[in-house]
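Text of the file protein36.txt, holding compact mmCIF, C-alpha atoms:
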```txt
# COMPACT_ATOMS: atom_id res chain seq x y z
CA ASP Y 847 71.93 108.73 106.03
CA GLY Y 848 75.69 109.36 105.83
CA GLY Y 849 78.16 106.59 105.36
CA ILE Y 850 80.26 104.46 103.08
CA THR Y 851 78.64 102.15 100.57
CA GLN Y 852 80.48 99.22 99.09
CA SER Y 853 79.14 97.11 96.26
CA PRO Y 854 78.67 94.37 95.44
CA LYS Y 855 78.54 92.48 98.72
CA TYR Y 856 79.77 89.30 97.00
CA LEU Y 857 81.83 89.08 93.82
CA PHE Y 858 83.25 86.18 91.88
CA ARG Y 859 86.23 86.39 89.58
CA LYS Y 860 87.13 84.04 86.77
CA GLU Y 861 90.71 83.23 85.86
CA GLY Y 862 92.36 86.10 83.98
CA GLN Y 863 89.53 88.50 84.64
CA ASN Y 864 89.74 92.00 86.06
CA VAL Y 865 87.00 92.97 88.50
CA THR Y 866 86.13 96.33 90.03
CA LEU Y 867 84.86 96.93 93.55
CA SER Y 868 82.85 100.06 94.16
CA CYS Y 869 83.20 102.41 97.13
CA GLU Y 870 81.13 105.56 97.56
CA GLN Y 871 81.01 107.91 100.55
CA ASN Y 872 78.75 110.85 101.36
CA LEU Y 873 80.64 111.97 104.46
CA ASN Y 874 82.53 114.67 102.55
CA HIS Y 875 85.80 113.03 103.60
CA ASP Y 876 88.98 113.90 101.73
CA ALA Y 877 90.82 110.65 102.41
CA MET Y 878 89.82 107.17 101.31
CA TYR Y 879 91.47 103.78 101.75
CA TRP Y 880 91.29 100.18 100.60
CA TYR Y 881 92.15 97.34 102.96
CA ARG Y 882 92.31 93.62 102.45
CA GLN Y 883 91.34 91.22 105.25
CA ASP Y 884 92.20 87.54 105.16
CA PRO Y 885 90.88 85.04 107.74
CA GLY Y 886 92.82 85.35 110.99
CA GLN Y 887 94.81 88.28 109.62
CA GLY Y 888 94.90 91.94 110.40
CA LEU Y 889 93.86 94.54 107.88
CA ARG Y 890 96.46 95.28 105.24
CA LEU Y 891 96.51 98.55 103.33
CA ILE Y 892 96.28 98.28 99.53
CA TYR Y 893 95.96 101.90 98.38
CA TYR Y 894 94.98 105.20 99.85
CA SER Y 895 94.03 108.61 98.50
CA GLN Y 896 94.46 111.86 100.33
CA ILE Y 897 92.66 114.00 97.79
CA VAL Y 898 90.95 113.84 94.41
CA ASN Y 899 93.21 112.80 91.52
CA ASP Y 900 95.90 111.58 93.89
CA PHE Y 901 96.56 108.15 95.38
CA GLN Y 902 99.44 106.24 96.93
CA LYS Y 903 100.40 102.59 97.19
CA GLY Y 904 100.00 100.88 100.50
CA ASP Y 905 101.75 97.74 101.71
CA ILE Y 906 100.27 95.28 99.22
CA ALA Y 907 99.45 97.26 96.04
CA GLU Y 908 100.74 94.71 93.51
CA GLY Y 909 97.93 93.36 91.34
CA TYR Y 910 95.55 96.19 92.24
CA SER Y 911 94.73 99.57 90.73
CA VAL Y 912 92.59 102.50 91.85
CA SER Y 913 91.30 105.84 90.63
CA ARG Y 914 90.02 108.92 92.43
CA GLU Y 915 88.25 111.09 89.89
CA LYS Y 916 85.59 112.25 92.34
CA LYS Y 917 85.80 113.03 96.02
CA GLU Y 918 83.05 110.59 96.91
CA SER Y 919 84.25 107.63 94.85
CA PHE Y 920 87.32 105.37 95.13
CA PRO Y 921 86.92 102.19 93.04
CA LEU Y 922 89.39 99.32 93.35
CA THR Y 923 90.23 97.06 90.40
CA VAL Y 924 91.60 93.62 91.15
CA THR Y 925 93.60 92.71 88.07
CA SER Y 926 94.52 89.31 86.69
CA ALA Y 927 98.04 89.94 88.02
CA GLN Y 928 96.72 89.42 91.57
CA LYS Y 929 97.18 85.67 91.90
CA ASN Y 930 95.50 85.26 95.26
CA PRO Y 931 92.55 87.66 95.24
CA THR Y 932 90.17 85.75 97.51
CA ALA Y 933 89.65 87.99 100.53
CA PHE Y 934 87.29 90.41 102.24
CA TYR Y 935 87.87 93.93 100.93
CA LEU Y 936 87.13 96.96 103.06
CA CYS Y 937 86.89 100.56 101.98
CA ALA Y 938 87.34 103.31 104.55
CA SER Y 939 87.44 107.07 104.75
CA SER Y 940 88.56 109.80 107.11
CA THR Y 941 88.26 113.56 107.19
CA THR Y 942 91.88 113.91 106.19
CA ALA Y 943 94.72 111.44 105.65
CA TRP Y 944 96.35 112.34 108.95
CA VAL Y 945 95.13 109.20 110.69
CA SER Y 946 96.98 109.99 113.86
CA ASN Y 947 94.38 112.68 114.49
CA GLU Y 948 91.48 111.23 112.58
CA LYS Y 949 89.27 108.21 112.80
CA LEU Y 950 88.59 105.72 110.06
CA PHE Y 951 85.04 104.89 109.04
CA PHE Y 952 84.56 101.61 107.20
CA GLY Y 953 82.11 100.30 104.66
CA SER Y 954 80.46 96.92 105.05
CA GLY Y 955 82.90 95.11 102.79
CA THR Y 956 82.98 93.04 99.60
CA GLN Y 957 83.81 89.35 99.67
CA LEU Y 958 85.74 88.44 96.53
CA SER Y 959 86.12 84.79 95.59
CA VAL Y 960 87.75 83.04 92.64
CA LEU Y 961 85.68 80.66 90.53
CA GLN D 1306 108.71 90.43 116.20
CA LYS D 1307 105.48 91.71 114.69
CA GLU D 1308 104.63 95.34 115.34
CA VAL D 1309 101.31 94.50 116.97
CA GLU D 1310 100.48 91.21 118.65
CA GLN D 1311 96.94 90.24 119.55
CA ASP D 1312 95.73 86.89 120.83
CA PRO D 1313 93.24 85.64 118.24
CA GLY D 1314 91.24 83.62 120.75
CA PRO D 1315 88.56 82.48 120.35
CA LEU D 1316 87.36 83.72 123.71
CA SER D 1317 84.05 82.41 125.07
CA VAL D 1318 82.45 83.87 128.21
CA PRO D 1319 79.05 83.70 129.92
CA GLU D 1320 76.74 86.67 129.78
CA GLY D 1321 77.54 89.20 132.50
CA ALA D 1322 81.25 88.35 132.65
CA ILE D 1323 84.02 90.93 132.55
CA VAL D 1324 86.04 90.56 129.37
CA SER D 1325 89.66 91.61 128.98
CA LEU D 1326 91.15 91.96 125.50
CA ASN D 1327 94.78 92.86 125.01
CA CYS D 1328 97.42 93.89 122.49
CA THR D 1329 101.13 94.35 122.79
CA TYR D 1330 103.26 96.37 120.43
CA SER D 1331 106.92 96.97 119.72
CA ASN D 1332 106.99 100.47 118.18
CA SER D 1333 107.52 102.97 120.99
CA ALA D 1334 106.49 105.80 118.65
CA PHE D 1335 102.84 104.71 118.68
CA GLN D 1336 100.75 107.36 120.36
CA TYR D 1337 97.19 106.84 119.12
CA PHE D 1338 95.36 103.69 120.08
CA MET D 1339 92.03 102.44 118.88
CA TRP D 1340 89.72 99.50 119.35
CA TYR D 1341 87.40 98.46 116.55
CA ARG D 1342 84.51 96.01 116.79
CA GLN D 1343 83.73 93.91 113.73
CA TYR D 1344 80.65 91.77 113.40
CA SER D 1345 80.84 88.82 111.06
CA ARG D 1346 81.10 89.90 107.43
CA LYS D 1347 80.72 93.57 108.31
CA GLY D 1348 83.11 96.50 108.35
CA PRO D 1349 84.88 97.42 111.58
CA GLU D 1350 83.35 100.19 113.66
CA LEU D 1351 85.36 102.41 115.98
CA LEU D 1352 84.68 101.59 119.60
CA MET D 1353 87.32 103.45 121.60
CA TYR D 1354 90.04 105.99 120.77
CA THR D 1355 92.77 107.05 123.16
CA TYR D 1356 95.85 109.18 122.93
CA SER D 1357 99.01 108.27 124.82
CA SER D 1358 98.78 106.57 128.20
CA GLY D 1359 95.87 106.37 130.57
CA ASN D 1360 92.31 105.14 130.79
CA LYS D 1361 89.18 106.05 128.91
CA GLU D 1362 85.71 104.89 129.83
CA ASP D 1363 82.57 104.81 127.70
CA GLY D 1364 79.62 103.01 129.21
CA ARG D 1365 80.52 99.35 129.70
CA PHE D 1366 83.82 99.76 127.84
CA THR D 1367 87.16 100.87 129.28
CA ALA D 1368 90.34 101.27 127.26
CA GLN D 1369 93.70 101.28 128.98
CA VAL D 1370 97.08 102.20 127.55
CA ASP D 1371 100.38 101.46 129.29
CA LYS D 1372 103.08 102.91 127.09
CA SER D 1373 105.87 101.90 129.45
CA SER D 1374 104.91 98.25 128.95
CA LYS D 1375 103.74 98.74 125.33
CA TYR D 1376 100.44 97.15 126.27
CA ILE D 1377 96.84 98.15 125.65
CA SER D 1378 93.64 96.63 126.96
CA LEU D 1379 89.93 96.81 126.38
CA PHE D 1380 87.63 95.82 129.23
CA ILE D 1381 83.97 95.02 128.71
CA ARG D 1382 81.81 94.96 131.84
CA ASP D 1383 78.52 93.11 132.09
CA SER D 1384 79.12 91.50 128.71
CA GLN D 1385 76.09 90.87 126.51
CA PRO D 1386 75.49 88.41 123.66
CA SER D 1387 75.41 91.45 121.36
CA ASP D 1388 79.09 92.01 122.23
CA SER D 1389 79.93 88.82 120.34
CA ALA D 1390 82.26 90.01 117.56
CA THR D 1391 85.89 90.28 116.57
CA TYR D 1392 87.77 93.06 118.34
CA LEU D 1393 90.67 94.66 116.51
CA CYS D 1394 93.25 96.88 118.11
CA ALA D 1395 94.91 99.51 115.93
CA MET D 1396 97.56 102.12 116.52
CA SER D 1397 99.54 104.82 114.78
CA ASP D 1398 102.27 107.31 115.45
CA ARG D 1399 102.44 110.99 114.70
CA GLY D 1400 104.62 110.43 111.68
CA SER D 1401 102.75 107.68 109.88
CA ASN D 1402 100.09 109.90 108.39
CA TYR D 1403 97.80 107.48 106.64
CA LYS D 1404 98.83 104.25 108.20
CA LEU D 1405 97.14 102.40 111.01
CA THR D 1406 98.75 99.18 112.17
CA PHE D 1407 96.13 96.59 113.09
CA GLY D 1408 96.24 93.55 115.30
CA LYS D 1409 94.80 90.33 113.89
CA GLY D 1410 91.70 90.57 116.04
CA THR D 1411 90.25 88.53 118.91
CA LEU D 1412 87.01 86.62 118.33
CA LEU D 1413 84.72 86.98 121.35
CA THR D 1414 81.56 84.98 121.99
CA VAL D 1415 79.27 85.90 124.88
CA ASN D 1416 76.93 83.04 125.71
CA PRO D 1417 73.44 83.76 127.06
```
Let me see the file written as structure tokens.
Amino acid sequence: DGGITQSPKYLFRKEGQNVTLSCEQNLNHDAMYWYRQDPGQGLRLIYYSQIVNDFQKGDIAEGYSVSREKKESFPLTVTSAQKNPTAFYLCASSTTAWVSNEKLFFGSGTQLSVL
Amino acid sequence: QKEVEQDPGPLSVPEGAIVSLNCTYSNSAFQYFMWYRQYSRKGPELLMYTYSSGNKEDGRFTAQVDKSSKYISLFIRDSQPSDSATYLCAMSDRGSNYKLTFGKGTLLTVNP
């Protein structure tokens, strides 16, 4: 059953804490992305990775970090520097990073809230 | 002016109605246009994908692109309660590589 798996579904962060959101895909896609979705807002790109061991900042990368050590995995760390982390986080992938010719497939999301 | 404008709704219609969802955009370089459907607290799923101007039909769904007016539409015929979701438009140009620009989404409720 191919797809993108995000975990956990719900996550709570304490003040000053770093938390990591997991994203795994078995679609053999080269490119992976992290988006943030706030109520009534469009999706905003945090980071993306075109290939293993490479990643680029998106529009709102401050306070976030990523790694891409394996093709199938693209974890996102929300650091304590991100002062407003409460949001719905979506991981996505595509065959390549050339989105103009490719389609994005999304995971089911992680809701992050601050305690 | 925002790059992509989408009326957030909410839009409420009776079952069987024809639904029209729309987005306008300002970047004339956009060439690839998509509609995603997102159920509550789920990830978006690709519904329709079109290139440049014209119409594309898939079952009860029709996507229209009018590049001269910078306007795209999604029509849903014979709407069903299962169509109740948020619909996001998205678009990109040949040069943007990774980046899709999304609308804010329109919340649709189809009442039985």
task = Pick out the chain D residues within 12 Å of chain Y. Count only C-alpha atoms. Give them as number ranges by chain.
result = D: 1307-1315, 1334-1357, 1391-1412
What gap, in Å, lies between atom CA of Y:Gln871 and atom CA of Y:Ser919?
->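 These two atoms are separated by 6.6 Å.
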Quote the spacing between atom CA of D:Arg1365 and atom CA of D:Leu1316 in Å to one decimal place.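 Going from atom CA of D:Arg1365 over to atom CA of D:Leu1316, I get 18.1 Å.
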Would you work out the distance separating atom CA of Y:Ile906 from atom CA of Y:Cys869, expressed in Å to one decimal?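 Between atom CA of Y:Ile906 and atom CA of Y:Cys869 the gap works out to 18.6 Å.
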Practice task
Tell me which of Y:Leu857, Y:Phe901, Y:Phe920, Y:Asn864 sits closest to Y:Ser939, counting only C-alpha atoms.
Solution key: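 Using only C-alpha atoms, Y:Ser939 sits closest to Y:Phe920.
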Item to complete: Determine the nearest neighbour of Y:Glu915 from the options Y:Ala927, Y:Thr941, Y:Asn899, Y:Lys860, counting only C-alpha atoms.
Response: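 The answer is Y:Asn899, which sits nearest to Y:Glu915.
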| message | as a PyMOL selection string, please: the residues near D:Ser1384 (cut-off 9 Å, all atoms listed in the file, same-chain neighbours under 4 positions excluded). | response | chain D and resi 1318-1324+1365+1388-1389+1415
Task: Who sits within 10 Å of D:Asn1360, all atoms listed in the file, same chain under 2 positions skipped, as an MDAnalysis selection string - done: chainID D and resid 1355:1358 1362 1367:1371 1377:1379
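Distance check against Y:Gly849 using all atoms listed in the file: of Y:Pro921, Y:Asn872, Y:Gly862, Y:Lys929, the minimum falls on Y:Asn872.
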>> Using only C-alpha atoms, can you tell me which of Y:Val865, Y:Ile892, Y:Leu873, Y:Leu958 comes closest to Y:Glu918?
In response: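 Comparing Y:Val865, Y:Ile892, Y:Leu873, Y:Leu958 against Y:Glu918, the winner is Y:Leu873.
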